[in-house]
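Enquirer: Shown below is the structure under consideration.
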Amino acid sequence: MQISGAQILVQSLQAEGVEYVFGYPGGAVLEIYDAMFQQDKFKHILVRHEQAAVHAADAYSRSSQKVGVALVTSGPGATNAVTGIATAHLDSVPLVVISGQVGTPAIGSDAFQEVDMLGITRPCVKHNFLVTDVRDLATTVKKAFVIAQSGRPGPVVIDVPKDVTQALAKFHYPEEVFIRSYQPVSKGHTGQIKKAMQVLAGAKRPMIYFGGGVVLGNASQELIEFVQLLGAPCTGTLMGLGAYPSTHSQFVGMLGMHGTYEANLATQNCDVIIAIGARFDDRVISVPSKFTDAPKKIIHIDVDPSSIAKRVPVDVPIVGDVKQVLREMIQLWKEKSYVLNPSHLEKWWQTIEAWRAKDCMYFEHDEASQIIKPQFVVQTLARLTDNDAIITSDVGQHQMYAAQYYPFMRPRQWLNSGGLGTMGVGLPYAMGAKVAHPDATVACITGEGSIQMNIQELSTCQQYKLPIKVINLNNGYLGMVRQWQEFYYSDRYSESYMDSLPDFVKLAEAYGHVGMRIEKSSDVEGALKEALAMKDRLVFMDFITDKKQNVFPMVGNGKGLDEMVLPPHMVQDAERYEADFREYDTRSVP
Amino acid sequence: MRHILSILIENEPGALSRVVGLFSARGYNIDALSVAPTEDASLSRLSVVTTGSPSQMEQMTKQLNKLIEVVKVTDLTESRYVERELMLVKVRAVGKDRDEMLRMAEIYRGSIVDVTDKTYTIEVTGTTDKLNTFLESIQSSLILETVRTGASGIGRGERILRI
């Protein structure tokens, strides 16, 4: 029996076990929407803007380990999806985005709502397809799902012309597809793994550095076992947070531009660093030469060969799936009865503990003034949710406060745009997470700048009854922009001031939600408690926070990890810290 | 340093633009590019002439390998190889220049593939370097038009690129 391309597409998605499709209808995809209407195996979530559809599908994938699926129409629908696709691409999120296209006879004629989707998305997808023959459709969907979730995961676009959705063909969904030019490596090289463990066993000041690859590779259990087996300190990237429980003593905090004092100094001054699913991104080490001039051996595990030795020279490269490689490493470490030299390790930990004792995350909390510190809001939220909520964030100062002050205890608990840094992801991310985990507390930590980039999604939240807690850290500024203008542009706050903000309480209410404005620090806890207790309502909490607060520590542009701008309470002791640097500076040691 | 990358890709629409897009997106230059189907109709072979440091070439090769449609990538200049480029040059050939052009073509083992009263069209094959030298050795004011294919390369001896 022959069925339409649209039906083939829908049945292919069913065969993949898809539960949710996030999308927005339009002319080119009407056939698909009609086919979807006639089934109930998966549910469609109607967003208010295609960018949010892709973000929500992305967050659904990040929090559930499944492939996220988004469906958009041709032309403007497709171009609106691009930011979402690029966001997923830089964070390696498995995603299948189906875009409608004008009919094949019209392609290339500048037809109504025609764009070259393949051309537009080529630089920001793992792969893309244009289906020109309905008989290729099912196989293409299968290929897309295979490519999206294997190797280094990423978004795959399938562009489907309208006439292909109308054409008839027999449906057969292949169980497997063979792509001869795509054979990702998963098992690490045994010889290299042996070498890595030898190098590590000889370390005096070892450092374990993990990233988003551990989360994507579901290797958190292996990471925990490995770190605890070695007894060495570990640090995580923004994307890696949660892969190792943040409250555990061996975790010295996030590293990089807004990393902790102890994590940055330890990473700079270690003599062996093992990077696990992390890629020495420019937000981790600003200037590679400043990182490598403190002599250290670098071991690097990554599923993507092109991430290895991209920014820093690597002594022991291991291409492979982090989970498998870590398992092999744990086994080898035990077999060979390796131990890190106890006296060296003890001295190293003493040094790190001394750094940690400076408490770089301390912030001034003035009861009398009643000024709300953004950090305090995040800390209180963490306490009231037992460090257990799924947290999404947008991009800016609030994102860093969320990363620094919410202790993430498990992978996929922290969803944010680390790679592309997309303002506007927070609310759609919360939607995707809430759809995947209806019983979890999902909070979106955002700012008044970011939230306005996709605020229309409050409407989607109302339609599907998604009781998200929106934590708006409202300081009336594009905070991170203002911070940089303060540091590098002599306080010339060019266009970083947000004038004519809406009344967020009324706005939330207009969409049918609960709105709250909190202006005094003594009200923070009570308001959060009240909001968290409203299990079935979306609560938009507008916290009027300190306008002057900045994110510390900070590694400025062109600086090394040991050249942080310190928080005010540490600056007072600047000379002492200068001495610290000298004492622990290993650059002069051969 | 100058490198010739030899790339096998699936013979599919859009595959070439992925390769070319990768170069431009990452800020690498393509000095010359030639592409044609191979003995296996499902595969095309690209020869890309580019310049870069060893670390740039390593990154480029890795990035090319990441493309789904790329089957194999090799840097021919890493070992012994044969390189050829084809050039057609239209020159003004009147009076004493007519004989001179004929002589130069002979020296470079070129052949005259088109003749008019006033022009010769000369076909020359060889390494890019040889073709450049040919152009330098004839009077530049006499060159009316040149067209070149870009270098193609193949490994010497038993070394072959196939899946």
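Each chain in the structure tokens gets a letter, A, B, ..., in the order shown, and its residues are numbered from 1; ligands are numbered from 1 in order too.
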Can you list every residue in region 33-137 of chain B that DSSP puts in helix (DSSP H, G or I), as an MDAnalysis selection string?

Expert: chainID B and resid 54:66 76:78 96:107 128:137

Enquirer: Extract, using only C-alpha atoms, all DNA, RNA and protein residues at most 6 Å from Tyr20 (chain A), discarding same-chain residues fewer than 3 positions from it, and format them as a VMD selection string.

Expert: chain A and resid 42 to 44

Enquirer: Contacts between chain B and chain A, please, where a residue of chain A counts if it comes within 8 Å (with only C-alpha atoms); show its shortest atom pair and distance in Å to one decimal, rows by chain and ascending number, as CSV.

Expert:
residue,atom,partner,partner_atom,distance
A:Arg122,CA,B:Arg18,CA,7.1
A:Pro123,CA,B:Ala25,CA,7.3
A:Lys126,CA,B:Leu67,CA,7.9
A:His127,CA,B:Ile68,CA,6.8
A:Arg180,CA,B:Val71,CA,7.2
A:Ser181,CA,B:Val71,CA,4.4
A:Tyr182,CA,B:Ile68,CA,5.6
A:Pro305,CA,B:Lys62,CA,6.5
A:Ser306,CA,B:Lys62,CA,5.1
A:Lys310,CA,B:Gln59,CA,6.8

Enquirer: Taking N, CA, C and O atoms for each residue, export the selection above as a PDB file, in the first residue's frame.

Expert:
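As a result, again21.pdb now contains:
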ATOM      1  N   ARG A 122      24.177  24.908   6.594  1.00  0.00           N
ATOM      2  CA  ARG A 122      25.363  24.056   6.401  1.00  0.00           C
ATOM      3  C   ARG A 122      26.480  24.303   7.425  1.00  0.00           C
ATOM      4  O   ARG A 122      27.019  23.360   7.974  1.00  0.00           O
ATOM      5  N   PRO A 123      26.795  25.564   7.725  1.00  0.00           N
ATOM      6  CA  PRO A 123      27.888  25.769   8.688  1.00  0.00           C
ATOM      7  C   PRO A 123      27.499  25.478  10.136  1.00  0.00           C
ATOM      8  O   PRO A 123      28.353  25.503  11.008  1.00  0.00           O
ATOM      9  N   LYS A 126      25.361  19.302  12.096  1.00  0.00           N
ATOM     10  CA  LYS A 126      26.270  18.172  11.907  1.00  0.00           C
ATOM     11  C   LYS A 126      26.113  17.660  10.470  1.00  0.00           C
ATOM     12  O   LYS A 126      27.081  17.310   9.821  1.00  0.00           O
ATOM     13  N   HIS A 127      24.873  17.640  10.006  1.00  0.00           N
ATOM     14  CA  HIS A 127      24.631  17.269   8.618  1.00  0.00           C
ATOM     15  C   HIS A 127      23.245  17.768   8.218  1.00  0.00           C
ATOM     16  O   HIS A 127      22.418  18.022   9.086  1.00  0.00           O
ATOM     17  N   ARG A 180      28.802   4.609   4.610  1.00  0.00           N
ATOM     18  CA  ARG A 180      30.199   4.152   4.523  1.00  0.00           C
ATOM     19  C   ARG A 180      31.205   5.221   4.929  1.00  0.00           C
ATOM     20  O   ARG A 180      32.287   4.924   5.391  1.00  0.00           O
ATOM     21  N   SER A 181      30.808   6.471   4.730  1.00  0.00           N
ATOM     22  CA  SER A 181      31.771   7.532   5.033  1.00  0.00           C
ATOM     23  C   SER A 181      31.631   8.029   6.469  1.00  0.00           C
ATOM     24  O   SER A 181      32.282   8.975   6.862  1.00  0.00           O
ATOM     25  N   TYR A 182      30.771   7.398   7.246  1.00  0.00           N
ATOM     26  CA  TYR A 182      30.565   7.866   8.618  1.00  0.00           C
ATOM     27  C   TYR A 182      30.675   6.691   9.586  1.00  0.00           C
ATOM     28  O   TYR A 182      29.750   5.911   9.743  1.00  0.00           O
ATOM     29  N   PRO A 305      37.992  13.845  17.060  1.00  0.00           N
ATOM     30  CA  PRO A 305      39.441  14.037  16.890  1.00  0.00           C
ATOM     31  C   PRO A 305      39.817  15.492  16.654  1.00  0.00           C
ATOM     32  O   PRO A 305      40.892  15.931  17.057  1.00  0.00           O
ATOM     33  N   SER A 306      38.918  16.252  16.013  1.00  0.00           N
ATOM     34  CA  SER A 306      39.284  17.631  15.690  1.00  0.00           C
ATOM     35  C   SER A 306      39.288  18.537  16.924  1.00  0.00           C
ATOM     36  O   SER A 306      39.765  19.659  16.866  1.00  0.00           O
ATOM     37  N   LYS A 310      43.457  21.157  19.287  1.00  0.00           N
ATOM     38  CA  LYS A 310      42.938  22.292  18.525  1.00  0.00           C
ATOM     39  C   LYS A 310      43.483  23.601  19.084  1.00  0.00           C
ATOM     40  O   LYS A 310      43.864  24.490  18.351  1.00  0.00           O
TER      41      LYS A 310
END

Enquirer: Just list as a ChimeraX atom specification whatever in chain B DSSP marks as strand (DSSP E).

Expert: /B:2-10,32-37,43-51,70-75,81-92,111-115,119-126,143-148,152-155

Enquirer: Considering only C-alpha atoms, return as a PyMOL selection string whatever protein or nucleic-acid residues lie within 7 Å of Gly5 (chain A), sequence-local ones (same chain, fewer than 5 positions apart) excluded.

Expert: chain A and resi 134+164-168

Enquirer: Any idea what's packed within 10 Å of Leu33 (chain B), counting only C-alpha atoms, ignoring anything in its chain fewer than 2 positions away? Could you give it as an NGL selection string?

Expert: :B and (4-5 or 20 or 30-31 or 35 or 46-50 or 149-152)

Enquirer: Hey, can you spit out that residue selection with N, CA and C atoms as an mmCIF file, in the first residue's frame?

Expert:
data_model
loop_
_atom_site.group_PDB
_atom_site.id
_atom_site.type_symbol
_atom_site.label_atom_id
_atom_site.label_comp_id
_atom_site.auth_asym_id
_atom_site.auth_seq_id
_atom_site.Cartn_x
_atom_site.Cartn_y
_atom_site.Cartn_z
ATOM 1 N N ILE B 4 48.887 19.472 -1.140
ATOM 2 C CA ILE B 4 47.782 19.020 -2.003
ATOM 3 C C ILE B 4 47.002 17.977 -1.213
ATOM 4 N N LEU B 5 45.764 18.314 -0.887
ATOM 5 C CA LEU B 5 44.901 17.346 -0.215
ATOM 6 C C LEU B 5 44.105 16.611 -1.274
ATOM 7 N N VAL B 20 34.011 23.077 0.311
ATOM 8 C CA VAL B 20 34.438 24.449 0.053
ATOM 9 C C VAL B 20 34.026 25.356 1.219
ATOM 10 N N ILE B 30 41.776 28.329 -0.389
ATOM 11 C CA ILE B 30 41.938 27.304 -1.419
ATOM 12 C C ILE B 30 42.669 27.976 -2.577
ATOM 13 N N ASP B 31 43.872 27.485 -2.890
ATOM 14 C CA ASP B 31 44.628 28.067 -4.002
ATOM 15 C C ASP B 31 44.147 27.503 -5.323
ATOM 16 N N VAL B 35 37.954 18.780 -9.405
ATOM 17 C CA VAL B 35 37.067 17.712 -8.947
ATOM 18 C C VAL B 35 36.440 17.008 -10.141
ATOM 19 N N LEU B 46 38.521 14.949 -5.159
ATOM 20 C CA LEU B 46 38.882 16.363 -5.160
ATOM 21 C C LEU B 46 40.380 16.487 -4.924
ATOM 22 N N SER B 47 40.998 17.395 -5.619
ATOM 23 C CA SER B 47 42.359 17.775 -5.267
ATOM 24 C C SER B 47 42.314 19.237 -4.854
ATOM 25 N N VAL B 48 42.736 19.497 -3.652
ATOM 26 C CA VAL B 48 42.700 20.865 -3.138
ATOM 27 C C VAL B 48 44.122 21.321 -2.869
ATOM 28 N N VAL B 49 44.520 22.398 -3.511
ATOM 29 C CA VAL B 49 45.838 22.957 -3.222
ATOM 30 C C VAL B 49 45.647 24.074 -2.202
ATOM 31 N N THR B 50 46.373 23.972 -1.101
ATOM 32 C CA THR B 50 46.214 24.963 -0.036
ATOM 33 C C THR B 50 47.561 25.169 0.637
ATOM 34 N N THR B 149 43.495 24.307 -14.876
ATOM 35 C CA THR B 149 42.594 23.367 -14.207
ATOM 36 C C THR B 149 42.826 23.289 -12.710
ATOM 37 N N GLY B 150 43.949 23.757 -12.252
ATOM 38 C CA GLY B 150 44.316 23.495 -10.858
ATOM 39 C C GLY B 150 44.967 22.127 -10.788
ATOM 40 N N ALA B 151 45.849 21.950 -9.823
ATOM 41 C CA ALA B 151 46.647 20.722 -9.787
ATOM 42 C C ALA B 151 45.812 19.510 -9.406
ATOM 43 N N SER B 152 46.131 18.375 -10.045
ATOM 44 C CA SER B 152 45.621 17.086 -9.606
ATOM 45 C C SER B 152 46.828 16.263 -9.203
#

Enquirer: Can you tell me which residues surround Asp282 (chain A) at a distance of at most 12 Å, considering only C-alpha atoms, apart from same-chain residues fewer than 2 positions away, and format the answer as an MDAnalysis selection string?

Expert: chainID A and resid 237 255:257 278:280 284:289 291 310:312 418:419 555:561

Enquirer: Tell me which protein, DNA and RNA residues are within 12 Å of Ser79 (chain B), counting only C-alpha atoms, leaving out same-chain ones fewer than 6 positions away, and put them as a PyMOL selection string.

Expert: chain B and resi 3-5+153-157+159-160

Enquirer: For the selection you just gave me, I'd like the residues written to a file as a CSV table (one decimal), in the first residue's frame, keeping N, CA, C and O atoms.

Expert:
chain,number,residue,atom,x,y,z
B,3,HIS,N,50.4,22.4,0.2
B,3,HIS,CA,49.9,21.0,0.4
B,3,HIS,C,48.9,20.7,-0.7
B,3,HIS,O,48.2,21.6,-1.1
B,4,ILE,N,48.9,19.5,-1.1
B,4,ILE,CA,47.8,19.0,-2.0
B,4,ILE,C,47.0,18.0,-1.2
B,4,ILE,O,47.5,16.9,-0.9
B,5,LEU,N,45.8,18.3,-0.9
B,5,LEU,CA,44.9,17.3,-0.2
B,5,LEU,C,44.1,16.6,-1.3
B,5,LEU,O,43.5,17.2,-2.2
B,153,GLY,N,46.7,15.4,-8.2
B,153,GLY,CA,47.8,14.7,-7.7
B,153,GLY,C,47.5,13.2,-7.5
B,153,GLY,O,46.3,12.9,-7.2
B,154,ILE,N,48.5,12.4,-7.5
B,154,ILE,CA,48.3,11.0,-7.2
B,154,ILE,C,49.6,10.5,-6.6
B,154,ILE,O,50.7,10.9,-6.9
B,155,GLY,N,49.4,9.6,-5.6
B,155,GLY,CA,50.6,9.0,-4.9
B,155,GLY,C,51.4,8.2,-5.8
B,155,GLY,O,50.9,7.6,-6.8
B,156,ARG,N,52.8,8.2,-5.6
B,156,ARG,CA,53.6,7.4,-6.4
B,156,ARG,C,53.6,5.9,-6.0
B,156,ARG,O,53.3,5.6,-4.8
B,157,GLY,N,53.9,5.0,-6.9
B,157,GLY,CA,54.1,3.6,-6.5
B,157,GLY,C,52.8,2.9,-6.2
B,157,GLY,O,51.7,3.2,-6.7
B,159,ARG,N,51.0,3.2,-3.5
B,159,ARG,CA,50.1,4.0,-2.7
B,159,ARG,C,48.9,4.4,-3.4
B,159,ARG,O,48.9,5.1,-4.4
B,160,ILE,N,47.7,4.0,-2.9
B,160,ILE,CA,46.5,4.4,-3.5
B,160,ILE,C,45.5,4.9,-2.5
B,160,ILE,O,45.5,4.5,-1.3

Enquirer: Between B:Val82, B:Val113, B:Val91, B:Met57, which has the minimum distance to Phe23 (chain B) (counting only C-alpha atoms)?

Expert: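 Using only C-alpha atoms, the shortest distance to Phe23 (chain B) belongs to B:Met57.
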